[in-house]
file my_file00.cif (mmCIF, C-alpha atoms)
data_structure
#
loop_
_atom_site.label_atom_id
_atom_site.label_comp_id
_atom_site.auth_asym_id
_atom_site.auth_seq_id
_atom_site.Cartn_x
_atom_site.Cartn_y
_atom_site.Cartn_z
CA MET A 1 14.16 -6.04 0.26
CA GLU A 2 11.70 -4.86 -2.37
CA THR A 3 12.72 -2.92 -5.49
CA ARG A 4 11.47 0.40 -4.10
CA GLU A 5 13.30 -0.12 -0.80
CA VAL A 6 16.58 -0.80 -2.63
CA LEU A 7 16.22 2.37 -4.72
CA GLU A 8 15.36 4.45 -1.65
CA LYS A 9 18.46 3.16 0.15
CA VAL A 10 20.63 4.08 -2.83
CA GLN A 11 19.06 7.54 -2.84
CA ARG A 12 19.80 8.00 0.88
CA GLY A 13 23.34 6.69 0.46
CA GLU A 14 22.77 3.67 2.73
CA ILE A 15 23.91 1.17 0.09
CA SER A 16 26.18 1.56 -2.93
CA VAL A 17 25.19 1.35 -6.58
CA GLU A 18 27.19 -1.88 -6.80
CA GLU A 19 25.18 -3.44 -3.96
CA ALA A 20 21.92 -2.42 -5.66
CA GLU A 21 23.18 -3.85 -8.94
CA HIS A 22 23.87 -7.16 -7.19
CA PHE A 23 20.29 -7.19 -5.87
CA PHE A 24 18.78 -6.64 -9.32
CA ARG A 25 20.98 -9.29 -10.92
CA ARG A 26 19.71 -12.06 -8.69
CA GLN A 27 17.41 -14.68 -10.19
CA PRO A 28 13.74 -13.70 -10.35
CA PHE A 29 12.93 -16.95 -8.56
CA GLU A 30 14.44 -18.87 -5.66
CA GLU A 31 15.21 -22.53 -6.20
CA MET A 32 14.22 -24.76 -3.27
CA GLY A 33 14.35 -28.10 -5.04
CA TYR A 34 10.68 -28.90 -4.49
CA ALA A 35 9.54 -25.33 -5.30
CA LYS A 36 10.67 -22.32 -7.32
CA LEU A 37 9.47 -19.27 -5.40
CA ASP A 38 8.53 -16.40 -7.70
CA MET A 39 10.26 -13.56 -5.83
CA HIS A 40 9.63 -11.02 -8.61
CA ARG A 41 5.90 -11.62 -8.99
CA LYS A 42 5.11 -8.51 -6.98
CA VAL A 43 7.41 -6.48 -9.23
CA ARG A 44 5.65 -7.71 -12.37
CA SER A 45 2.02 -7.84 -11.28
CA GLY A 46 1.67 -5.90 -8.02
CA PHE A 47 0.70 -9.08 -6.14
CA ALA A 48 3.12 -11.23 -4.16
CA GLU A 49 3.02 -15.01 -4.52
CA VAL A 50 0.33 -16.79 -2.49
CA ILE A 51 0.57 -20.33 -1.09
CA TYR A 52 -1.97 -22.99 -2.05
CA CYS A 53 -1.59 -25.05 1.12
CA SER A 54 -3.68 -28.12 0.35
CA ARG A 55 -1.71 -31.36 -0.10
CA LYS A 56 1.67 -29.74 0.55
CA ALA A 57 4.11 -31.71 2.70
CA ASP A 58 4.66 -30.24 6.15
CA ASP A 59 8.34 -29.40 5.61
CA HIS A 60 7.64 -27.92 2.19
CA LEU A 61 4.84 -25.70 3.48
CA LEU A 62 6.80 -24.52 6.51
CA ASN A 63 9.90 -23.63 4.48
CA ILE A 64 7.92 -21.88 1.75
CA PHE A 65 5.92 -19.94 4.33
CA GLU A 66 9.10 -18.90 6.15
CA ARG A 67 10.88 -17.73 3.00
CA LEU A 68 7.94 -15.68 1.73
CA TYR A 69 7.61 -14.05 5.15
CA GLU A 70 11.31 -13.12 5.06
CA GLN A 71 10.78 -11.60 1.62
CA ASP A 72 7.66 -9.48 2.23
CA GLY A 73 6.97 -9.47 5.97
CA GLU A 74 3.55 -11.02 5.31
CA VAL A 75 2.18 -14.26 3.83
CA PHE A 76 -1.17 -15.43 2.52
CA GLY A 77 -2.17 -19.08 2.19
CA THR A 78 -5.39 -20.65 0.91
CA ARG A 79 -7.04 -24.04 1.55
CA ALA A 80 -5.10 -24.66 4.76
CA SER A 81 -6.05 -27.34 7.27
CA GLU A 82 -6.14 -27.14 11.08
CA HIS A 83 -3.06 -29.34 11.14
CA GLN A 84 -1.19 -26.95 8.86
CA TYR A 85 -2.23 -24.00 11.04
CA GLU A 86 -0.81 -25.68 14.15
CA LEU A 87 2.37 -26.49 12.24
CA ILE A 88 2.91 -22.87 11.15
CA ARG A 89 1.87 -21.47 14.54
CA LYS A 90 4.78 -23.20 16.26
CA ARG A 91 7.21 -21.15 14.15
CA PHE A 92 5.03 -18.02 13.73
CA PRO A 93 2.81 -17.44 16.78
CA GLN A 94 1.27 -14.34 15.15
CA VAL A 95 -0.23 -16.31 12.26
CA GLN A 96 -4.02 -16.05 11.83
CA TYR A 97 -6.30 -18.87 10.71
CA ASP A 98 -9.95 -18.79 9.70
CA PRO A 99 -11.41 -22.32 9.74
CA LEU A 100 -14.41 -21.19 7.67
CA SER A 101 -12.48 -19.91 4.65
CA ARG A 102 -9.37 -21.97 5.50
CA ILE A 103 -7.22 -18.86 5.05
CA LEU A 104 -3.82 -18.86 6.78
CA LYS A 105 -2.11 -15.47 6.90
CA ILE A 106 0.25 -12.99 8.47
CA THR A 107 -0.54 -9.41 7.49
CA LYS A 108 1.32 -6.15 8.01
CA PRO A 109 -0.30 -3.89 10.62
CA GLY A 110 -1.99 -0.68 9.51
CA LYS A 111 -2.49 -1.77 5.90
CA PRO A 112 -4.79 0.78 4.19
CA LEU A 113 -7.88 -0.43 2.32
CA ILE A 114 -8.92 1.45 -0.81
CA GLY A 115 -12.05 1.62 -2.96
CA LYS A 116 -14.83 -0.86 -2.33
CA ILE A 117 -16.11 -4.16 -3.66
CA ALA A 118 -19.24 -6.03 -2.61
CA VAL A 119 -19.17 -9.77 -1.92
CA CYS A 120 -22.68 -11.24 -2.10
CA THR A 121 -23.82 -14.78 -1.43
CA ALA A 122 -27.02 -16.54 -2.38
CA GLY A 123 -27.12 -18.46 0.89
CA THR A 124 -25.34 -18.99 4.16
CA ALA A 125 -23.81 -22.24 2.87
CA ASP A 126 -21.86 -20.19 0.30
CA ILE A 127 -20.09 -18.05 2.92
CA SER A 128 -16.96 -20.21 3.16
CA VAL A 129 -16.17 -19.51 -0.51
CA ALA A 130 -17.25 -15.87 -0.13
CA GLU A 131 -14.90 -15.38 2.80
CA GLU A 132 -12.00 -16.74 0.77
CA ALA A 133 -12.80 -14.08 -1.85
CA ALA A 134 -13.33 -11.29 0.70
CA GLN A 135 -10.19 -12.00 2.72
CA THR A 136 -8.11 -12.29 -0.44
CA ALA A 137 -9.27 -8.85 -1.55
CA GLU A 138 -8.62 -7.37 1.89
CA TYR A 139 -5.13 -8.86 2.03
CA PHE A 140 -4.34 -7.14 -1.27
CA GLY A 141 -5.63 -3.79 -0.01
CA THR A 142 -9.31 -3.64 -1.00
CA ARG A 143 -12.18 -2.49 1.21
CA VAL A 144 -14.89 -5.18 1.24
CA GLU A 145 -18.64 -4.90 1.93
CA ARG A 146 -20.10 -8.31 2.83
CA ILE A 147 -23.74 -8.92 1.88
CA TYR A 148 -24.71 -12.50 2.67
CA ASP A 149 -27.83 -14.62 2.17
CA VAL A 150 -29.52 -12.52 -0.54
CA GLY A 151 -30.42 -15.24 -3.03
CA VAL A 152 -33.25 -15.23 -5.55
CA SER A 153 -35.63 -17.21 -3.37
CA GLY A 154 -36.20 -13.94 -1.47
CA ILE A 155 -35.10 -11.22 -3.85
CA HIS A 156 -36.45 -8.47 -1.57
CA ARG A 157 -33.43 -9.17 0.67
CA LEU A 158 -31.12 -8.30 -2.21
CA LEU A 159 -33.08 -5.17 -3.17
CA SER A 160 -32.89 -3.88 0.40
CA ARG A 161 -29.08 -3.54 -0.04
CA ILE A 162 -28.99 -2.55 -3.70
CA ASP A 163 -27.72 0.98 -2.98
CA VAL A 164 -24.64 -0.42 -1.23
CA ILE A 165 -24.07 -2.94 -4.03
CA GLN A 166 -24.39 -0.34 -6.77
CA ASP A 167 -21.86 1.88 -5.00
CA ALA A 168 -19.13 -0.78 -5.21
CA ASN A 169 -16.45 -0.80 -7.92
CA CYS A 170 -16.95 -4.52 -8.52
CA ILE A 171 -19.37 -7.19 -7.29
CA ILE A 172 -18.58 -10.82 -6.50
CA ALA A 173 -21.64 -13.08 -6.70
CA VAL A 174 -21.17 -16.40 -4.89
CA ALA A 175 -23.92 -18.97 -5.44
CA GLY A 176 -24.54 -22.70 -5.61
CA MET A 177 -27.76 -24.52 -6.54
CA GLU A 178 -28.85 -23.03 -9.92
CA GLY A 179 -26.48 -20.01 -9.59
CA ALA A 180 -29.03 -17.37 -10.63
CA LEU A 181 -27.72 -14.62 -8.32
CA ALA A 182 -25.03 -13.50 -10.77
CA SER A 183 -27.56 -12.93 -13.57
CA VAL A 184 -29.84 -10.91 -11.30
CA LEU A 185 -26.96 -8.71 -10.13
CA GLY A 186 -25.70 -8.30 -13.68
CA GLY A 187 -28.99 -6.71 -14.63
CA LEU A 188 -29.01 -4.29 -11.68
CA VAL A 189 -25.52 -2.73 -11.67
CA ASP A 190 -23.22 -0.85 -14.04
CA LYS A 191 -20.06 -2.46 -12.64
CA PRO A 192 -18.34 -5.77 -13.44
CA VAL A 193 -19.79 -8.85 -11.77
CA ILE A 194 -17.52 -11.80 -10.98
CA ALA A 195 -19.57 -14.96 -10.63
CA VAL A 196 -18.34 -17.76 -8.37
CA PRO A 197 -20.22 -21.05 -8.66
CA THR A 198 -20.08 -23.15 -5.51
CA SER A 199 -20.46 -26.89 -4.97
CA VAL A 200 -23.48 -26.28 -2.71
CA GLY A 201 -26.60 -28.14 -3.80
CA TYR A 202 -28.39 -31.45 -4.15
CA GLY A 203 -27.58 -34.32 -6.53
CA ALA A 204 -28.45 -32.74 -9.88
CA SER A 205 -26.33 -29.69 -9.05
CA LEU A 206 -23.37 -31.93 -9.88
CA ASN A 207 -21.08 -30.39 -7.26
CA GLY A 208 -21.37 -26.91 -8.73
CA MET A 209 -21.57 -27.78 -12.42
CA SER A 210 -25.17 -26.59 -12.73
CA ALA A 211 -24.31 -23.20 -11.20
CA LEU A 212 -21.25 -22.94 -13.44
CA LEU A 213 -23.28 -23.61 -16.59
CA THR A 214 -25.95 -21.11 -15.55
CA MET A 215 -23.36 -18.40 -14.95
CA ILE A 216 -21.40 -18.85 -18.17
CA ASN A 217 -24.68 -18.90 -20.12
CA SER A 218 -26.09 -15.79 -18.44
CA CYS A 219 -28.10 -13.38 -20.57
CA ALA A 220 -26.96 -10.46 -18.39
CA ASN A 221 -23.98 -8.45 -19.58
CA GLY A 222 -20.76 -7.72 -17.72
CA ILE A 223 -20.38 -11.10 -15.99
CA ALA A 224 -17.10 -13.00 -15.74
CA VAL A 225 -17.03 -16.50 -14.24
CA VAL A 226 -14.27 -18.23 -12.28
CA ASN A 227 -13.93 -21.90 -11.43
CA ILE A 228 -16.16 -23.74 -8.97
CA ASP A 229 -15.43 -22.69 -5.34
CA ASN A 230 -12.59 -20.41 -6.54
CA GLY A 231 -13.04 -17.58 -4.06
CA TYR A 232 -9.35 -16.68 -4.26
CA GLY A 233 -9.50 -16.12 -8.01
CA ALA A 234 -12.55 -13.89 -7.64
CA GLY A 235 -10.97 -11.83 -4.87
CA TYR A 236 -7.77 -11.36 -6.88
CA MET A 237 -9.61 -10.26 -10.01
CA ALA A 238 -11.91 -7.94 -8.05
CA THR A 239 -8.85 -6.27 -6.53
CA GLN A 240 -7.41 -5.63 -9.98
CA ILE A 241 -10.69 -4.04 -11.07
CA ASN A 242 -10.94 -2.03 -7.86
CA ARG A 243 -7.43 -0.63 -8.33
CA LEU A 244 -8.29 0.46 -11.85
CA ALA A 245 -11.46 2.12 -10.61
CA VAL A 246 -9.64 3.97 -7.81
CA ASP A 247 -6.71 5.39 -9.74
CA GLY A 248 -5.94 3.70 -12.99
CA GLY A 249 -4.32 0.64 -11.45
CA GLN A 250 -1.69 2.57 -9.53
CA ALA A 251 -2.87 1.73 -6.04
CA GLY A 252 -1.04 -1.55 -5.73
CA SER A 253 1.76 -2.05 -3.31
CA VAL A 254 4.31 -1.94 -6.12
CA ARG A 255 2.86 1.02 -7.94
CA GLN A 256 1.74 3.02 -5.01
CA SER A 257 4.42 5.64 -5.49
CA GLU A 258 3.39 6.22 -9.11
CA PRO A 259 0.19 8.30 -9.10
CA VAL A 260 -1.52 9.00 -12.41
CA GLN A 261 -2.67 12.25 -13.99
CA GLN A 262 -6.31 13.03 -13.40
CA ASP A 263 -7.01 16.60 -14.57
CA GLY A 264 -4.10 17.67 -12.43
CA PHE A 265 -5.89 17.23 -9.11
CA VAL A 266 -7.35 14.55 -6.88
CA GLN A 267 -8.92 14.68 -3.47
CA LYS A 268 -6.62 15.60 -0.61
CA SER A 269 -7.02 15.19 3.11
CA GLU A 270 -3.43 15.72 4.28
CA CYS A 271 -3.13 18.39 6.99
CA MET A 272 0.23 20.08 7.49
CA HIS A 273 1.12 22.59 10.21
CA GLN A 274 2.02 26.09 9.07
CA THR A 275 4.05 26.82 12.21
CA GLY A 276 6.76 25.02 14.12
CA PHE A 277 9.73 23.21 12.58
CA SER A 278 9.54 21.19 9.38
CA GLN A 279 11.77 19.54 6.82
CA SER A 280 10.84 17.68 3.66
CA SER A 281 12.37 14.64 1.98
CA GLU A 282 10.07 14.16 -1.01
CA PRO A 283 11.89 11.57 -3.13
CA VAL A 284 12.85 12.26 -6.73
CA ARG A 285 10.87 9.19 -7.86
CA GLU A 286 7.66 11.21 -7.59
CA MET A 287 8.86 13.82 -10.10
CA ASN A 288 7.03 14.26 -13.36
CA ARG A 289 3.77 12.82 -12.01
CA SER A 290 0.59 14.17 -10.58
CA GLY A 291 -2.50 12.61 -9.05
CA LYS A 292 -3.21 10.46 -6.01
CA ASP A 293 -0.81 9.07 -3.44
CA GLN A 294 -1.79 7.01 -0.41
CA ILE A 295 -0.06 8.16 2.77
CA VAL A 296 -0.34 7.78 6.53
CA LYS A 297 -0.09 10.64 9.02
CA LEU A 298 1.29 9.77 12.46
CA GLU A 299 0.72 12.28 15.25
CA SER A 300 1.98 12.18 18.84
CA ASN A 301 2.32 14.52 21.82
CA VAL A 302 5.80 14.43 23.36
CA ASP A 303 6.79 16.03 26.66
CA ASP A 304 10.03 15.95 28.64
CA CYS A 305 12.10 16.01 25.43
CA SER A 306 14.57 18.72 24.48
CA GLY A 307 14.84 20.36 21.08
CA GLU A 308 18.06 18.43 20.47
CA ILE A 309 16.26 15.13 21.03
CA MET A 310 13.43 16.16 18.69
CA GLY A 311 15.97 17.15 16.04
CA TYR A 312 17.66 13.76 16.36
CA VAL A 313 14.29 11.99 16.09
CA MET A 314 13.56 13.97 12.94
CA GLU A 315 16.88 12.87 11.42
CA ARG A 316 16.22 9.20 12.24
CA LEU A 317 12.73 9.32 10.78
CA PHE A 318 13.99 10.79 7.51
CA GLU A 319 16.77 8.21 7.34
CA ALA A 320 14.13 5.48 7.73
CA GLY A 321 12.09 6.82 4.79
CA ALA A 322 9.63 9.39 6.19
CA ARG A 323 8.17 11.66 3.52
CA ASP A 324 7.84 14.63 5.86
CA VAL A 325 8.44 15.35 9.56
CA SER A 326 7.39 18.38 11.58
CA TYR A 327 7.00 19.31 15.23
CA MET A 328 5.54 22.32 16.98
CA PRO A 329 5.38 23.55 20.59
CA ILE A 330 2.10 22.95 22.43
CA PHE A 331 0.77 23.06 25.99
CA MET A 332 -0.83 19.93 27.42
CA LYS A 333 -3.01 19.52 30.50
CA LYS A 334 -1.76 21.31 33.64
CA ASN A 335 0.02 23.67 31.22
CA ARG A 336 2.88 21.21 30.66
CA PRO A 337 5.05 22.33 27.69
CA ALA A 338 5.42 19.71 24.99
CA TYR A 339 5.85 19.12 21.27
CA GLN A 340 3.33 17.75 18.80
CA LEU A 341 5.21 15.48 16.39
CA ASN A 342 3.77 14.83 12.91
CA VAL A 343 5.14 12.26 10.50
CA ILE A 344 4.01 11.60 6.92
CA CYS A 345 4.97 8.23 5.48
CA THR A 346 3.83 5.50 3.10
CA PRO A 347 1.73 2.67 4.61
CA ASP A 348 4.60 0.17 4.45
CA LYS A 349 6.76 2.44 6.65
CA VAL A 350 4.27 2.86 9.52
CA GLU A 351 5.69 0.13 11.75
CA THR A 352 9.24 1.42 11.28
CA MET A 353 8.23 5.00 12.05
CA GLU A 354 6.36 4.02 15.20
CA LYS A 355 9.28 1.97 16.51
CA ILE A 356 11.57 4.99 16.16
CA ILE A 357 9.07 7.34 17.85
CA PHE A 358 8.48 4.99 20.79
CA SER A 359 12.16 4.21 21.29
CA GLU A 360 13.50 7.75 20.94
CA THR A 361 10.80 9.85 22.68
CA THR A 362 8.77 9.76 25.89
CA THR A 363 5.41 9.42 24.13
CA ILE A 364 3.03 6.66 25.19
CA GLY A 365 0.68 6.78 22.19
CA ILE A 366 0.62 7.51 18.46
CA ARG A 367 -2.46 8.54 16.47
CA ARG A 368 -2.71 7.23 12.92
CA GLN A 369 -4.68 8.52 9.91
CA HIS A 370 -4.77 6.97 6.42
CA MET A 371 -5.17 9.60 3.71
CA ASP A 372 -5.23 10.34 0.01
CA ARG A 373 -3.34 13.47 -1.02
CA THR A 374 -3.03 15.72 -4.03
CA ILE A 375 0.25 15.73 -5.90
CA LEU A 376 1.07 18.36 -8.51
CA ASN A 377 3.03 17.36 -11.59
CA ARG A 378 6.70 17.82 -10.70
CA GLU A 379 9.97 17.57 -12.59
CA ILE A 380 13.60 18.52 -12.04
CA GLN A 381 15.07 20.94 -14.59
CA THR A 382 18.63 22.22 -14.92
CA VAL A 383 19.30 25.92 -15.61
CA SER A 384 22.52 27.85 -16.28
CA THR A 385 23.58 30.66 -13.93
CA PRO A 386 26.68 32.90 -13.87
CA PHE A 387 28.06 30.47 -11.26
CA GLY A 388 27.32 27.21 -13.08
CA GLU A 389 24.37 24.86 -13.46
CA ALA A 390 21.61 24.65 -10.85
CA LYS A 391 18.63 22.35 -10.36
CA VAL A 392 15.07 23.63 -10.15
CA LYS A 393 11.93 21.75 -9.09
CA VAL A 394 9.06 22.77 -11.42
CA CYS A 395 5.48 22.16 -10.26
CA SER A 396 2.60 22.46 -12.70
CA CYS A 397 -1.10 21.88 -13.17
CA GLY A 398 -2.49 22.69 -16.61
CA SER A 399 -1.21 26.15 -17.54
CA PHE A 400 -0.11 26.86 -13.97
CA ARG A 401 3.65 26.54 -13.34
CA ARG A 402 5.88 27.41 -10.39
CA ALA A 403 9.61 26.85 -9.88
CA TYR A 404 11.58 26.22 -6.69
CA PRO A 405 15.39 26.22 -6.65
CA GLU A 406 16.70 23.00 -5.12
CA TYR A 407 18.23 23.80 -1.74
CA GLU A 408 21.31 21.59 -2.07
CA THR A 409 22.32 23.21 -5.37
CA ALA A 410 21.67 26.75 -4.13
CA ALA A 411 23.50 26.16 -0.84
CA ARG A 412 26.54 24.72 -2.62
CA ILE A 413 26.79 27.71 -4.95
CA ALA A 414 26.32 30.15 -2.05
CA ARG A 415 29.19 28.54 -0.11
CA GLU A 416 31.51 28.32 -3.11
CA GLN A 417 30.89 31.92 -4.18
CA HIS A 418 30.62 33.36 -0.67
CA ARG A 419 27.27 34.91 -1.56
CA PRO A 420 24.04 35.12 0.48
CA LEU A 421 21.72 32.17 -0.09
CA GLN A 422 18.78 34.50 -0.88
CA GLU A 423 20.81 36.09 -3.67
CA ILE A 424 21.55 32.69 -5.19
CA TYR A 425 17.88 31.73 -4.96
CA HIS A 426 16.99 34.90 -6.86
CA LEU A 427 19.62 34.23 -9.57
CA ILE A 428 18.36 30.69 -10.11
CA GLU A 429 14.74 31.86 -10.34
CA GLN A 430 15.71 34.51 -12.89
CA ALA A 431 17.61 31.94 -14.94
CA TRP A 432 14.56 29.66 -15.00
CA GLU A 433 12.20 32.47 -16.01
CA GLN A 434 14.45 33.32 -18.94
#

call {"tool": "encode", "arguments": {"input": "my_file00.cif", "output": "structure tokens"}}
result
Amino acid sequence: METREVLEKVQRGEISVEEAEHFFRRQPFEEMGYAKLDMHRKVRSGFAEVIYCSRKADDHLLNIFERLYEQDGEVFGTRASEHQYELIRKRFPQVQYDPLSRILKITKPGKPLIGKIAVCTAGTADISVAEEAAQTAEYFGTRVERIYDVGVSGIHRLLSRIDVIQDANCIIAVAGMEGALASVLGGLVDKPVIAVPTSVGYGASLNGMSALLTMINSCANGIAVVNIDNGYGAGYMATQINRLAVDGGQAGSVRQSEPVQQDGFVQKSECMHQTGFSQSSEPVREMNRSGKDQIVKLESNVDDCSGEIMGYVMERLFEAGARDVSYMPIFMKKNRPAYQLNVICTPDKVETMEKIIFSETTTIGIRRQHMDRTILNREIQTVSTPFGEAKVKVCSCGSFRRAYPEYETAARIAREQHRPLQEIYHLIEQAWEQ
């Protein structure tokens, strides 16, 4: 389990505080004798540990791959051979292998890609390194635009795509020979350029040394250089830059639930129904923040299900971590009555949500939309009423403020005092205004 998952389970009452404490007390690495797996790397940096496959013994690679998959549900390996792919495939049939980049990976389905970087190569011979960079960035959640074979020997090819390149948050320039592509790009864009020298070239290129020296001696500004053929390093660094450009570094898988302030508002494309039946389970961890949050909306038409079944499905979805669930009556073709089910969840919960929907309803398909949404600054405040303390959710943006009594508190007071719930709501609102 990840840190966020543990905290969510404590919040929902699925595990005790003592069990969570045991989880957090465990060593930040796992001793395997021949390897010490950094299980907390994702907590510290937002990036899980990656496997450098080259020269690893078969048993070591297989065991490391298996343990990382158990930890995160996905694994990424670089510099893997065909033999290593066949070895892993026997245990994990779903593993993917790209012989060009030598990337070996299992990725979670439905992973959203944010922002944009451009990966450019001088020639076709540089693509293997470029693909290592591009697939690394994609694995870590970055949208990649590939622009290949645009070297300086025909600079018009580069200029024909300059609008796409300039629109990216970061550019990776992959080049062998004399390595001039990075300098050219550095003079054409206002974004960081990560230069990757490759070992492509004839004798005097010295297996990439000439490109490396050209890049680190570039007259153009804003260029950083990684090691020869180090596509992985470039893709990793570009993802860090892309996250900062998108939302201040908070788009990573670890920090995704921690949006940053940005004049109180960000773009929103979440659509919620104003009719039908809805409940909300917005977690307290989002309080006192505003800004951008990446979510997924799942939508499905369900017929031949009773209201009781839909209510049970709603309960299961919330228990599994859905942010919001709603359903409304609709009529399908041939005037068949049905419900339209809508689920809002974080990207890492998509697979879980879909399994519940398919297993508990009669639907045969689920539509999926990845979205950014606006989040107002929210915090929980405690106010005093004639019947004791009550919690209030306060939403704000600049000078705008609005308070909402927390239902659980209001309902408890209403039951204890044998008063109408509306009356208790009104008392709590008055107490907050004072």

call {"tool": "axis_aligned_box", "arguments": {"input": "my_file00.cif", "around": "stretch 369-385 of chain A", "padding_each_side": "6 Å", "output": "AutoDock Vina command-line options"}}
result
--center_x 9.2 --center_y 18.8 --center_z -3.2 --size_x 40.8 --size_y 35.7 --size_z 38.2

call {"tool": "residues_around", "arguments": {"input": "my_file00.cif", "residues": "stretch 384-398 of chain A", "least_positions_apart": "2", "cutoff": "9 Å", "atoms": "all atoms listed in the file", "output": "PyMOL selection string"}}
result
chain A and resi 263-265+287-288+290+376-382+400-410+413+417+427-432

call {"tool": "residues_around", "arguments": {"input": "my_file00.cif", "residues": "A:Ile364", "least_positions_apart": "2", "cutoff": "10 Å", "atoms": "all atoms listed in the file", "output": "ChimeraX atom specification"}}
result
/A:300-302,357-358,361-362,366

call {"tool": "resolve_selection", "arguments": {"input": "my_file00.cif", "expression": "the PyMOL selection byres ((chain A and resi 191) around 7)", "output": "list in words"}}
result
Asn169, Cys170, Val189, Asp190, Pro192 and Val193 of chain A

call {"tool": "resolve_selection", "arguments": {"input": "my_file00.cif", "expression": "the PyMOL selection byres ((chain A and resi 138-153) around 8)", "output": "VMD selection string"}}
result
chain A and resid 47 76 107 111 to 124 127 134 to 137 154 to 155 157 to 158 161 175 180 to 181 184 236 239 242 252

call {"tool": "closest_residue", "arguments": {"input": "my_file00.cif", "among": "A:Lys42, A:Arg89, A:Arg102, A:Arg373", "to": "A:Gln71", "atoms": "only C-alpha atoms"}}
result
A:Lys42

call {"tool": "residues_around", "arguments": {"input": "my_file00.cif", "residues": "stretch 48-63 of chain A", "least_positions_apart": "3", "cutoff": "12 Å", "atoms": "only C-alpha atoms", "output": "VMD selection string"}}
result
chain A and resid 2 29 31 to 45 66 to 92 102 to 106 136 139 to 140 230 232 to 233 236 252 to 254

call {"tool": "closest_residue", "arguments": {"input": "my_file00.cif", "among": "A:Leu206, A:Val174, A:Leu212, A:Ile223", "to": "A:Leu188", "atoms": "all atoms listed in the file"}}
result
A:Ile223

call {"tool": "resolve_selection", "arguments": {"input": "my_file00.cif", "expression": "the PyMOL selection byres ((chain A and resi 208) around 6)", "output": "list in words"}}
result
Pro197, Thr198, Ser199, Ser205, Leu206, Asn207, Met209, Ser210 and Ala211 of chain A

call {"tool": "atom_distance", "arguments": {"input": "my_file00.cif", "atom1": "atom CA of A:Ile172", "atom2": "atom CA of A:Ala245"}}
result
15.3 Å

call {"tool": "build_atoms", "arguments": {"input": "my_file00.cif", "residues": "stretch 116-120 of chain A", "atoms": "all heavy atoms", "output": "PDB file, keeping the file's coordinate frame"}}
result
ATOM      1  N   LYS A 116     -13.845   0.029  -2.957  1.00  0.00           N
ATOM      2  CA  LYS A 116     -14.830  -0.860  -2.330  1.00  0.00           C
ATOM      3  C   LYS A 116     -15.324  -1.883  -3.337  1.00  0.00           C
ATOM      4  O   LYS A 116     -15.621  -1.552  -4.485  1.00  0.00           O
ATOM      5  CB  LYS A 116     -16.027  -0.070  -1.787  1.00  0.00           C
ATOM      6  CG  LYS A 116     -17.030  -0.956  -1.042  1.00  0.00           C
ATOM      7  CD  LYS A 116     -18.086  -0.127  -0.322  1.00  0.00           C
ATOM      8  CE  LYS A 116     -19.079   0.476  -1.281  1.00  0.00           C
ATOM      9  NZ  LYS A 116     -20.187   1.153  -0.545  1.00  0.00           N
ATOM     10  N   ILE A 117     -15.410  -3.133  -2.898  1.00  0.00           N
ATOM     11  CA  ILE A 117     -16.110  -4.160  -3.660  1.00  0.00           C
ATOM     12  C   ILE A 117     -17.183  -4.749  -2.759  1.00  0.00           C
ATOM     13  O   ILE A 117     -17.124  -4.628  -1.539  1.00  0.00           O
ATOM     14  CB  ILE A 117     -15.162  -5.277  -4.151  1.00  0.00           C
ATOM     15  CG1 ILE A 117     -14.653  -6.117  -2.977  1.00  0.00           C
ATOM     16  CG2 ILE A 117     -14.011  -4.712  -4.964  1.00  0.00           C
ATOM     17  CD1 ILE A 117     -13.969  -7.418  -3.394  1.00  0.00           C
ATOM     18  N   ALA A 118     -18.176  -5.362  -3.362  1.00  0.00           N
ATOM     19  CA  ALA A 118     -19.240  -6.030  -2.610  1.00  0.00           C
ATOM     20  C   ALA A 118     -19.153  -7.524  -2.877  1.00  0.00           C
ATOM     21  O   ALA A 118     -19.055  -7.952  -4.033  1.00  0.00           O
ATOM     22  CB  ALA A 118     -20.606  -5.503  -3.030  1.00  0.00           C
ATOM     23  N   VAL A 119     -19.162  -8.305  -1.808  1.00  0.00           N
ATOM     24  CA  VAL A 119     -19.170  -9.770  -1.920  1.00  0.00           C
ATOM     25  C   VAL A 119     -20.539 -10.244  -1.452  1.00  0.00           C
ATOM     26  O   VAL A 119     -20.904 -10.082  -0.289  1.00  0.00           O
ATOM     27  CB  VAL A 119     -18.053 -10.404  -1.073  1.00  0.00           C
ATOM     28  CG1 VAL A 119     -18.121 -11.926  -1.171  1.00  0.00           C
ATOM     29  CG2 VAL A 119     -16.688  -9.911  -1.525  1.00  0.00           C
ATOM     30  N   CYS A 120     -21.300 -10.820  -2.370  1.00  0.00           N
ATOM     31  CA  CYS A 120     -22.680 -11.240  -2.100  1.00  0.00           C
ATOM     32  C   CYS A 120     -22.791 -12.751  -2.212  1.00  0.00           C
ATOM     33  O   CYS A 120     -22.204 -13.357  -3.116  1.00  0.00           O
ATOM     34  CB  CYS A 120     -23.643 -10.582  -3.088  1.00  0.00           C
ATOM     35  SG  CYS A 120     -23.505  -8.792  -3.210  1.00  0.00           S
TER      36      CYS A 120
END
